[in-house]
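What follows is the content of my_file_23.cif, which has mmCIF, C-alpha atoms and all ligand atoms:
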data_query
#
loop_
_atom_site.label_atom_id
_atom_site.label_comp_id
_atom_site.auth_asym_id
_atom_site.auth_seq_id
_atom_site.Cartn_x
_atom_site.Cartn_y
_atom_site.Cartn_z
CA MET A 1 -47.80 168.90 -17.84
CA GLU A 2 -48.03 172.39 -19.25
CA LYS A 3 -46.13 172.90 -22.51
CA LYS A 4 -43.90 175.97 -22.37
CA ASN A 5 -40.40 174.99 -23.44
CA CYS A 6 -40.83 171.39 -24.70
CA LEU A 7 -37.86 170.41 -22.54
CA ILE A 8 -37.70 167.84 -19.73
CA LEU A 9 -34.54 167.57 -17.65
CA ALA A 10 -33.35 163.99 -16.98
CA LEU A 11 -31.73 164.53 -13.60
CA ASP A 12 -29.52 161.44 -13.41
CA VAL A 13 -27.12 162.73 -10.79
CA THR A 14 -26.85 160.78 -7.56
CA ASP A 15 -26.57 163.38 -4.82
CA ARG A 16 -29.06 165.87 -3.43
CA GLU A 17 -26.81 168.92 -3.45
CA ASN A 18 -25.98 168.61 -7.15
CA ALA A 19 -29.54 167.70 -8.02
CA LEU A 20 -31.01 170.77 -6.33
CA ARG A 21 -28.29 173.09 -7.70
CA ILE A 22 -28.85 171.94 -11.29
CA ALA A 23 -32.64 171.90 -10.95
CA ASN A 24 -32.62 175.46 -9.59
CA GLU A 25 -30.33 176.65 -12.38
CA VAL A 26 -32.48 175.25 -15.19
CA SER A 27 -35.99 175.45 -13.73
CA GLU A 28 -37.01 178.40 -15.93
CA TYR A 29 -36.17 176.40 -19.09
CA VAL A 30 -37.75 173.03 -18.28
CA ASP A 31 -41.39 171.98 -18.11
CA SER A 32 -40.63 168.97 -15.93
CA ILE A 33 -37.81 167.16 -14.14
CA LYS A 34 -37.44 163.43 -14.70
CA VAL A 35 -35.90 161.48 -11.83
CA GLY A 36 -35.05 157.81 -11.89
CA TYR A 37 -33.19 155.13 -10.02
CA PRO A 38 -29.79 156.90 -9.90
CA LEU A 39 -31.06 159.85 -7.85
CA VAL A 40 -33.75 158.05 -5.84
CA LEU A 41 -31.43 155.19 -4.89
CA GLY A 42 -28.80 157.76 -3.97
CA GLU A 43 -30.97 160.09 -1.94
CA GLY A 44 -34.30 158.42 -1.24
CA LEU A 45 -37.78 159.13 -2.52
CA GLY A 46 -37.95 162.33 -0.45
CA ILE A 47 -35.98 164.12 -3.18
CA VAL A 48 -39.13 164.00 -5.35
CA LYS A 49 -40.96 166.38 -3.02
CA GLU A 50 -38.06 168.83 -2.94
CA LEU A 51 -37.79 168.88 -6.73
CA ALA A 52 -41.56 169.13 -7.16
CA GLU A 53 -41.34 172.60 -5.61
CA LEU A 54 -39.32 173.67 -8.67
CA ALA A 55 -41.10 171.79 -11.47
CA PRO A 56 -43.46 168.84 -11.94
CA VAL A 57 -41.58 165.57 -11.46
CA ILE A 58 -41.76 162.55 -13.75
CA ALA A 59 -40.74 159.38 -11.91
CA ASP A 60 -38.87 157.23 -14.42
CA PHE A 61 -39.08 153.86 -12.72
CA LYS A 62 -39.97 152.02 -15.93
CA VAL A 63 -42.49 150.09 -13.89
CA ALA A 64 -42.64 146.49 -15.15
CA ASP A 65 -44.27 144.05 -12.77
CA ILE A 66 -47.50 142.23 -12.03
CA PRO A 67 -50.56 144.46 -11.61
CA ASN A 68 -50.58 144.38 -7.79
CA THR A 69 -46.90 145.31 -7.49
CA ASP A 70 -47.32 148.01 -10.15
CA ARG A 71 -50.20 149.43 -8.13
CA LEU A 72 -48.09 149.55 -4.97
CA ILE A 73 -45.18 151.23 -6.82
CA CYS A 74 -47.42 153.86 -8.44
CA GLU A 75 -49.11 154.66 -5.14
CA GLN A 76 -45.74 155.30 -3.49
CA VAL A 77 -44.57 157.43 -6.42
CA PHE A 78 -47.66 159.63 -6.42
CA LYS A 79 -47.76 159.90 -2.62
CA ALA A 80 -44.16 161.12 -2.81
CA GLY A 81 -45.31 164.02 -4.99
CA ALA A 82 -44.53 162.87 -8.52
CA ASP A 83 -46.76 164.28 -11.21
CA ALA A 84 -46.24 161.33 -13.56
CA VAL A 85 -44.74 157.88 -13.78
CA ILE A 86 -43.02 156.07 -16.66
CA THR A 87 -44.01 152.43 -17.07
CA HIS A 88 -43.09 149.65 -19.42
CA GLY A 89 -45.78 148.16 -21.63
CA PHE A 90 -44.30 144.75 -22.42
CA THR A 91 -45.65 143.36 -19.13
CA GLY A 92 -49.12 143.45 -20.70
CA ARG A 93 -52.41 145.26 -20.60
CA ASP A 94 -53.40 144.22 -17.08
CA SER A 95 -50.19 145.65 -15.62
CA LEU A 96 -50.59 148.90 -17.55
CA ASP A 97 -54.27 149.12 -16.55
CA SER A 98 -53.21 148.93 -12.93
CA CYS A 99 -50.84 151.91 -13.31
CA VAL A 100 -53.42 153.97 -15.22
CA LYS A 101 -56.08 153.23 -12.60
CA VAL A 102 -53.87 154.50 -9.76
CA ALA A 103 -52.83 157.53 -11.81
CA LYS A 104 -56.46 158.45 -12.43
CA GLU A 105 -57.25 158.09 -8.72
CA TYR A 106 -54.47 160.56 -7.93
CA GLY A 107 -55.11 162.77 -10.98
CA ARG A 108 -51.62 162.06 -12.34
CA ASP A 109 -50.06 160.96 -15.63
CA VAL A 110 -48.68 157.72 -17.08
CA TYR A 111 -46.17 157.53 -19.94
CA VAL A 112 -45.47 154.15 -21.54
CA VAL A 113 -42.11 153.21 -23.09
CA THR A 114 -42.62 152.10 -26.69
CA GLU A 115 -39.01 151.78 -27.82
CA MET A 116 -35.77 152.57 -25.99
CA SER A 117 -33.39 155.19 -27.40
CA HIS A 118 -30.07 153.32 -27.10
CA PRO A 119 -28.73 151.02 -29.89
CA GLY A 120 -29.97 147.88 -28.08
CA GLY A 121 -33.45 149.38 -28.10
CA VAL A 122 -34.03 147.93 -31.57
CA GLU A 123 -33.25 144.32 -30.56
CA PHE A 124 -36.41 143.44 -28.66
CA PHE A 125 -38.48 146.62 -28.61
CA ARG A 126 -38.78 147.56 -32.26
CA PRO A 127 -40.94 144.60 -33.31
CA VAL A 128 -43.45 145.35 -30.55
CA ALA A 129 -43.26 149.15 -30.36
CA GLU A 130 -46.37 149.76 -32.47
CA THR A 131 -48.37 147.20 -30.48
CA ILE A 132 -47.31 148.84 -27.21
CA ALA A 133 -48.23 152.27 -28.60
CA LYS A 134 -51.71 151.01 -29.54
CA MET A 135 -52.10 149.51 -26.09
CA ALA A 136 -51.13 152.84 -24.49
CA VAL A 137 -53.98 154.50 -26.40
CA ASP A 138 -56.50 151.79 -25.48
CA ALA A 139 -55.49 151.83 -21.81
CA GLY A 140 -55.93 155.59 -21.52
CA ALA A 141 -52.29 156.47 -20.84
CA THR A 142 -51.22 160.12 -21.03
CA GLY A 143 -48.51 159.46 -23.55
CA VAL A 144 -45.57 157.39 -24.68
CA VAL A 145 -41.79 157.50 -24.58
CA ALA A 146 -40.23 157.25 -28.06
CA PRO A 147 -36.60 157.60 -29.19
CA ALA A 148 -35.10 160.94 -30.26
CA THR A 149 -32.24 158.90 -31.70
CA ARG A 150 -34.66 157.62 -34.37
CA PRO A 151 -37.02 160.46 -35.39
CA GLU A 152 -38.54 158.25 -38.08
CA ARG A 153 -39.79 155.98 -35.30
CA VAL A 154 -41.34 158.97 -33.53
CA ARG A 155 -43.15 159.73 -36.79
CA ASP A 156 -44.38 156.10 -37.00
CA ILE A 157 -45.56 156.14 -33.41
CA ARG A 158 -47.31 159.50 -33.82
CA LYS A 159 -49.35 157.98 -36.68
CA ILE A 160 -50.49 155.21 -34.36
CA ILE A 161 -51.35 157.27 -31.28
CA GLY A 162 -52.88 160.27 -33.06
CA ASN A 163 -52.86 163.66 -31.40
CA ASP A 164 -54.53 162.85 -28.09
CA LEU A 165 -51.50 161.23 -26.50
CA HIS A 166 -48.20 163.01 -25.87
CA ILE A 167 -44.76 161.85 -26.95
CA ILE A 168 -41.82 162.49 -24.65
CA SER A 169 -38.52 161.73 -26.31
CA PRO A 170 -35.11 160.94 -24.78
CA GLY A 171 -31.84 160.55 -26.65
CA VAL A 172 -30.98 164.16 -27.52
CA GLY A 173 -27.34 165.25 -27.24
CA ALA A 174 -25.25 162.59 -25.49
CA GLN A 175 -27.02 159.75 -27.36
CA GLY A 176 -26.80 161.64 -30.69
CA GLY A 177 -30.37 162.82 -31.28
CA SER A 178 -31.31 166.35 -32.38
CA ALA A 179 -33.98 168.19 -30.40
CA ALA A 180 -35.25 170.12 -33.44
CA ASP A 181 -35.45 166.97 -35.59
CA VAL A 182 -37.49 165.01 -33.09
CA ILE A 183 -39.87 167.88 -32.37
CA ASN A 184 -40.38 168.21 -36.14
CA ALA A 185 -41.05 164.46 -36.25
CA GLY A 186 -43.93 164.84 -33.81
CA ALA A 187 -42.55 164.72 -30.26
CA ASP A 188 -44.10 167.07 -27.71
CA TRP A 189 -41.14 167.18 -25.35
CA VAL A 190 -37.50 166.18 -25.51
CA ILE A 191 -35.86 164.65 -22.46
CA VAL A 192 -32.23 165.72 -21.98
CA GLY A 193 -29.84 164.59 -19.29
CA ARG A 194 -26.06 164.58 -19.69
CA SER A 195 -25.90 167.46 -22.19
CA ILE A 196 -27.38 169.65 -19.48
CA TYR A 197 -26.22 168.30 -16.12
CA ASN A 198 -22.63 167.65 -17.26
CA SER A 199 -22.32 171.11 -18.80
CA ASP A 200 -20.26 173.85 -17.12
CA SER A 201 -23.40 175.95 -17.38
CA PRO A 202 -26.57 173.81 -17.22
CA ALA A 203 -28.73 176.91 -17.70
CA ASP A 204 -26.91 177.93 -20.89
CA ALA A 205 -27.11 174.36 -22.21
CA ALA A 206 -30.85 174.19 -21.50
CA MET A 207 -31.43 177.62 -23.05
CA LYS A 208 -29.55 176.59 -26.20
CA ILE A 209 -31.68 173.46 -26.61
CA CYS A 210 -34.85 175.56 -26.19
CA ASN A 211 -33.61 178.03 -28.81
CA ASP A 212 -32.71 175.20 -31.22
CA MET A 213 -36.21 173.72 -30.94
CA LYS A 214 -38.15 176.97 -31.24
CA CYS A 215 -41.02 175.07 -29.66
O1 LIG A 301 -28.19 161.64 -20.55
P1 LIG A 301 -29.26 161.43 -21.59
O2 LIG A 301 -29.75 162.72 -22.21
O3 LIG A 301 -28.91 160.39 -22.61
O4 LIG A 301 -30.49 160.86 -20.71
C1 LIG A 301 -31.63 160.26 -21.28
C2 LIG A 301 -32.56 159.88 -20.17
O5 LIG A 301 -33.73 159.27 -20.70
C3 LIG A 301 -32.00 158.87 -19.17
O6 LIG A 301 -32.57 159.16 -17.91
C4 LIG A 301 -32.50 157.54 -19.68
O7 LIG A 301 -32.63 156.60 -18.63
C5 LIG A 301 -33.87 157.93 -20.20
N1 LIG A 301 -34.47 157.08 -21.22
C6 LIG A 301 -33.87 156.81 -22.43
N2 LIG A 301 -34.51 156.02 -23.36
C7 LIG A 301 -35.73 155.53 -23.10
C8 LIG A 301 -36.37 155.82 -21.90
C9 LIG A 301 -35.71 156.62 -20.97
O8 LIG A 301 -32.75 157.30 -22.68
N3 LIG A 301 -36.36 154.84 -24.01
#
Is it possible to express this structure as structure tokens?
Amino acid sequence: MEKKNCLILALDVTDRENALRIANEVSEYVDSIKVGYPLVLGEGLGIVKELAELAPVIADFKVADIPNTDRLICEQVFKAGADAVITHGFTGRDSLDSCVKVAKEYGRDVYVVTEMSHPGGVEFFRPVAETIAKMAVDAGATGVVAPATRPERVRDIRKIIGNDLHIISPGVGAQGGSAADVINAGADWVIVGRSIYNSDSPADAAMKICNDMKC
């Protein structure tokens, strides 16, 4: 993904019309559009191709299964036109290897969740976040997902992964995180959903976040 604005839109709306309207309005401010279960379950995987005409799409399916099922999921995601997939890491190295292998075959990217951004993200994830980050490096992933709600954790994870892997960071705005703080802590991109798509003017909201970050 090319870094221009350091902003990824989390497009968690559930209908095509809204999704395309918002994506069109903000496309000049975002480097990528993240879609997940809400939109794909609402409208089908075909929405990925439509959005990919506006910006590269990250498929946030938090893939977490046995290697063979992970392979089948990633193949479908990349065939649908997604540029990247988000996977979990707690399922183990063999599962992650399977996703990375498919991504390399298709020339696409894999981001691994190290720690979730919501309050419950500390309960089970925090003790293993560093281990998952190390595994992401060893497996040849493109980058990791780390919480904008806890910039100090982004700093910790950056120390582990070095500068070769990217950090994409959700939790800005609605979950309380600051875009500027997490970029200063070492994130490459912030992921923002509700603060943009629930705004009366998604474009203005996206522009303001870009200005705040001065990325
Ligand atoms: O609306 P909001 O800006 O909070 O959206 C954040 C997005 O990032 C959502 O799509 C959420 O599922 C996703 N996400 C997250 N924390 C993670 C991984 C993904 O909030 N650790």
>> If the limit is 9 Å from any atom of ligand LIG 301 (chain A), counting all atoms listed in the file, which residues qualify? Return them as a ChimeraX atom specification.
In response: /A:9-12,34-38,60,62,86,113-118,121,145-148,169-176,191-198
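Between atom CA of Ala203 of chain A and atom CA of Arg153 of chain A lies a distance of 29.5 Å.
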>> At a cut-off of 12 Å, using only C-alpha atoms, what residues contact segment 5-8 of chain A? Leave out same-chain residues fewer than 2 positions from it and give the result as a PyMOL selection string.
In response: chain A and resi 1-3+10-11+23+26-35+55-60+166-172+179-180+182-184+186-193+196+205-215
> Rounded to one decimal in Å, what is the spacing between atom CA of Val85 of chain A and atom CA of Arg108 of chain A?
Replying inline: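 Result for atom CA of Val85 of chain A versus atom CA of Arg108 of chain A: 8.2 Å, one decimal.
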> atom CA of Arg155 of chain A and atom CA of Ala139 of chain A, how far apart in Å?
Replying inline: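 Atom CA of Ala139 of chain A sits 21.0 Å away from atom CA of Arg155 of chain A.
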Could you model all heavy atoms for segment 67-78 of chain A and present them as a PDB file, keeping the file's coordinate frame?
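Done, and the output landed in selection.pdb:
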ATOM      1  N   PRO A  67     -49.687 143.320 -11.918  1.00  0.00           N
ATOM      2  CA  PRO A  67     -50.560 144.460 -11.610  1.00  0.00           C
ATOM      3  C   PRO A  67     -50.524 144.901 -10.152  1.00  0.00           C
ATOM      4  O   PRO A  67     -50.475 146.095  -9.863  1.00  0.00           O
ATOM      5  CB  PRO A  67     -51.953 143.947 -12.011  1.00  0.00           C
ATOM      6  CG  PRO A  67     -51.665 142.958 -13.093  1.00  0.00           C
ATOM      7  CD  PRO A  67     -50.375 142.282 -12.718  1.00  0.00           C
ATOM      8  N   ASN A  68     -50.533 143.964  -9.204  1.00  0.00           N
ATOM      9  CA  ASN A  68     -50.580 144.380  -7.790  1.00  0.00           C
ATOM     10  C   ASN A  68     -49.305 145.122  -7.395  1.00  0.00           C
ATOM     11  O   ASN A  68     -49.359 146.150  -6.707  1.00  0.00           O
ATOM     12  CB  ASN A  68     -50.781 143.168  -6.883  1.00  0.00           C
ATOM     13  CG  ASN A  68     -50.972 143.596  -5.450  1.00  0.00           C
ATOM     14  OD1 ASN A  68     -51.912 144.330  -5.133  1.00  0.00           O
ATOM     15  ND2 ASN A  68     -50.062 143.192  -4.572  1.00  0.00           N
ATOM     16  N   THR A  69     -48.156 144.633  -7.834  1.00  0.00           N
ATOM     17  CA  THR A  69     -46.900 145.310  -7.490  1.00  0.00           C
ATOM     18  C   THR A  69     -46.828 146.665  -8.188  1.00  0.00           C
ATOM     19  O   THR A  69     -46.392 147.660  -7.596  1.00  0.00           O
ATOM     20  CB  THR A  69     -45.696 144.420  -7.883  1.00  0.00           C
ATOM     21  OG1 THR A  69     -45.889 143.128  -7.308  1.00  0.00           O
ATOM     22  CG2 THR A  69     -44.392 144.996  -7.391  1.00  0.00           C
ATOM     23  N   ASP A  70     -47.275 146.717  -9.432  1.00  0.00           N
ATOM     24  CA  ASP A  70     -47.320 148.010 -10.150  1.00  0.00           C
ATOM     25  C   ASP A  70     -48.183 149.010  -9.385  1.00  0.00           C
ATOM     26  O   ASP A  70     -47.828 150.183  -9.250  1.00  0.00           O
ATOM     27  CB  ASP A  70     -47.906 147.821 -11.552  1.00  0.00           C
ATOM     28  CG  ASP A  70     -46.887 147.272 -12.541  1.00  0.00           C
ATOM     29  OD1 ASP A  70     -45.731 147.040 -12.132  1.00  0.00           O
ATOM     30  OD2 ASP A  70     -47.249 147.090 -13.709  1.00  0.00           O
ATOM     31  N   ARG A  71     -49.301 148.533  -8.887  1.00  0.00           N
ATOM     32  CA  ARG A  71     -50.200 149.430  -8.130  1.00  0.00           C
ATOM     33  C   ARG A  71     -49.477 149.991  -6.912  1.00  0.00           C
ATOM     34  O   ARG A  71     -49.505 151.201  -6.643  1.00  0.00           O
ATOM     35  CB  ARG A  71     -51.455 148.648  -7.696  1.00  0.00           C
ATOM     36  CG  ARG A  71     -52.383 149.425  -6.769  1.00  0.00           C
ATOM     37  CD  ARG A  71     -53.611 148.612  -6.366  1.00  0.00           C
ATOM     38  NE  ARG A  71     -53.295 147.464  -5.532  1.00  0.00           N
ATOM     39  CZ  ARG A  71     -53.032 147.503  -4.220  1.00  0.00           C
ATOM     40  NH1 ARG A  71     -53.035 148.666  -3.582  1.00  0.00           N
ATOM     41  NH2 ARG A  71     -52.759 146.407  -3.546  1.00  0.00           N
ATOM     42  N   LEU A  72     -48.797 149.113  -6.184  1.00  0.00           N
ATOM     43  CA  LEU A  72     -48.090 149.550  -4.970  1.00  0.00           C
ATOM     44  C   LEU A  72     -46.990 150.561  -5.311  1.00  0.00           C
ATOM     45  O   LEU A  72     -46.799 151.564  -4.610  1.00  0.00           O
ATOM     46  CB  LEU A  72     -47.505 148.336  -4.236  1.00  0.00           C
ATOM     47  CG  LEU A  72     -48.554 147.370  -3.676  1.00  0.00           C
ATOM     48  CD1 LEU A  72     -47.893 146.060  -3.244  1.00  0.00           C
ATOM     49  CD2 LEU A  72     -49.297 148.008  -2.508  1.00  0.00           C
ATOM     50  N   ILE A  73     -46.266 150.310  -6.400  1.00  0.00           N
ATOM     51  CA  ILE A  73     -45.180 151.230  -6.820  1.00  0.00           C
ATOM     52  C   ILE A  73     -45.774 152.591  -7.173  1.00  0.00           C
ATOM     53  O   ILE A  73     -45.313 153.635  -6.715  1.00  0.00           O
ATOM     54  CB  ILE A  73     -44.399 150.644  -8.017  1.00  0.00           C
ATOM     55  CG1 ILE A  73     -43.647 149.376  -7.611  1.00  0.00           C
ATOM     56  CG2 ILE A  73     -43.435 151.695  -8.590  1.00  0.00           C
ATOM     57  CD1 ILE A  73     -43.073 148.580  -8.776  1.00  0.00           C
ATOM     58  N   CYS A  74     -46.828 152.574  -7.995  1.00  0.00           N
ATOM     59  CA  CYS A  74     -47.420 153.860  -8.440  1.00  0.00           C
ATOM     60  C   CYS A  74     -47.970 154.644  -7.260  1.00  0.00           C
ATOM     61  O   CYS A  74     -47.828 155.870  -7.192  1.00  0.00           O
ATOM     62  CB  CYS A  74     -48.489 153.613  -9.505  1.00  0.00           C
ATOM     63  SG  CYS A  74     -47.787 153.039 -11.059  1.00  0.00           S
ATOM     64  N   GLU A  75     -48.590 153.947  -6.324  1.00  0.00           N
ATOM     65  CA  GLU A  75     -49.110 154.660  -5.140  1.00  0.00           C
ATOM     66  C   GLU A  75     -47.985 155.368  -4.391  1.00  0.00           C
ATOM     67  O   GLU A  75     -48.115 156.518  -3.984  1.00  0.00           O
ATOM     68  CB  GLU A  75     -49.831 153.672  -4.204  1.00  0.00           C
ATOM     69  CG  GLU A  75     -51.222 153.313  -4.714  1.00  0.00           C
ATOM     70  CD  GLU A  75     -51.902 152.216  -3.887  1.00  0.00           C
ATOM     71  OE1 GLU A  75     -51.275 151.694  -2.942  1.00  0.00           O
ATOM     72  OE2 GLU A  75     -53.034 151.871  -4.225  1.00  0.00           O
ATOM     73  N   GLN A  76     -46.871 154.686  -4.208  1.00  0.00           N
ATOM     74  CA  GLN A  76     -45.740 155.300  -3.490  1.00  0.00           C
ATOM     75  C   GLN A  76     -45.200 156.514  -4.245  1.00  0.00           C
ATOM     76  O   GLN A  76     -44.874 157.542  -3.661  1.00  0.00           O
ATOM     77  CB  GLN A  76     -44.607 154.270  -3.290  1.00  0.00           C
ATOM     78  CG  GLN A  76     -44.939 153.157  -2.333  1.00  0.00           C
ATOM     79  CD  GLN A  76     -45.387 153.674  -0.969  1.00  0.00           C
ATOM     80  OE1 GLN A  76     -44.779 154.567  -0.401  1.00  0.00           O
ATOM     81  NE2 GLN A  76     -46.472 153.139  -0.458  1.00  0.00           N
ATOM     82  N   VAL A  77     -45.103 156.353  -5.568  1.00  0.00           N
ATOM     83  CA  VAL A  77     -44.570 157.430  -6.420  1.00  0.00           C
ATOM     84  C   VAL A  77     -45.456 158.674  -6.342  1.00  0.00           C
ATOM     85  O   VAL A  77     -44.963 159.793  -6.172  1.00  0.00           O
ATOM     86  CB  VAL A  77     -44.458 156.898  -7.870  1.00  0.00           C
ATOM     87  CG1 VAL A  77     -44.336 158.026  -8.866  1.00  0.00           C
ATOM     88  CG2 VAL A  77     -43.282 155.939  -7.988  1.00  0.00           C
ATOM     89  N   PHE A  78     -46.765 158.477  -6.431  1.00  0.00           N
ATOM     90  CA  PHE A  78     -47.660 159.630  -6.420  1.00  0.00           C
ATOM     91  C   PHE A  78     -47.766 160.231  -5.017  1.00  0.00           C
ATOM     92  O   PHE A  78     -47.831 161.445  -4.864  1.00  0.00           O
ATOM     93  CB  PHE A  78     -49.046 159.245  -6.969  1.00  0.00           C
ATOM     94  CG  PHE A  78     -49.010 158.833  -8.426  1.00  0.00           C
ATOM     95  CD1 PHE A  78     -49.742 157.750  -8.889  1.00  0.00           C
ATOM     96  CD2 PHE A  78     -48.219 159.529  -9.332  1.00  0.00           C
ATOM     97  CE1 PHE A  78     -49.698 157.372 -10.226  1.00  0.00           C
ATOM     98  CE2 PHE A  78     -48.162 159.164 -10.679  1.00  0.00           C
ATOM     99  CZ  PHE A  78     -48.897 158.075 -11.114  1.00  0.00           C
TER     100      PHE A  78
END
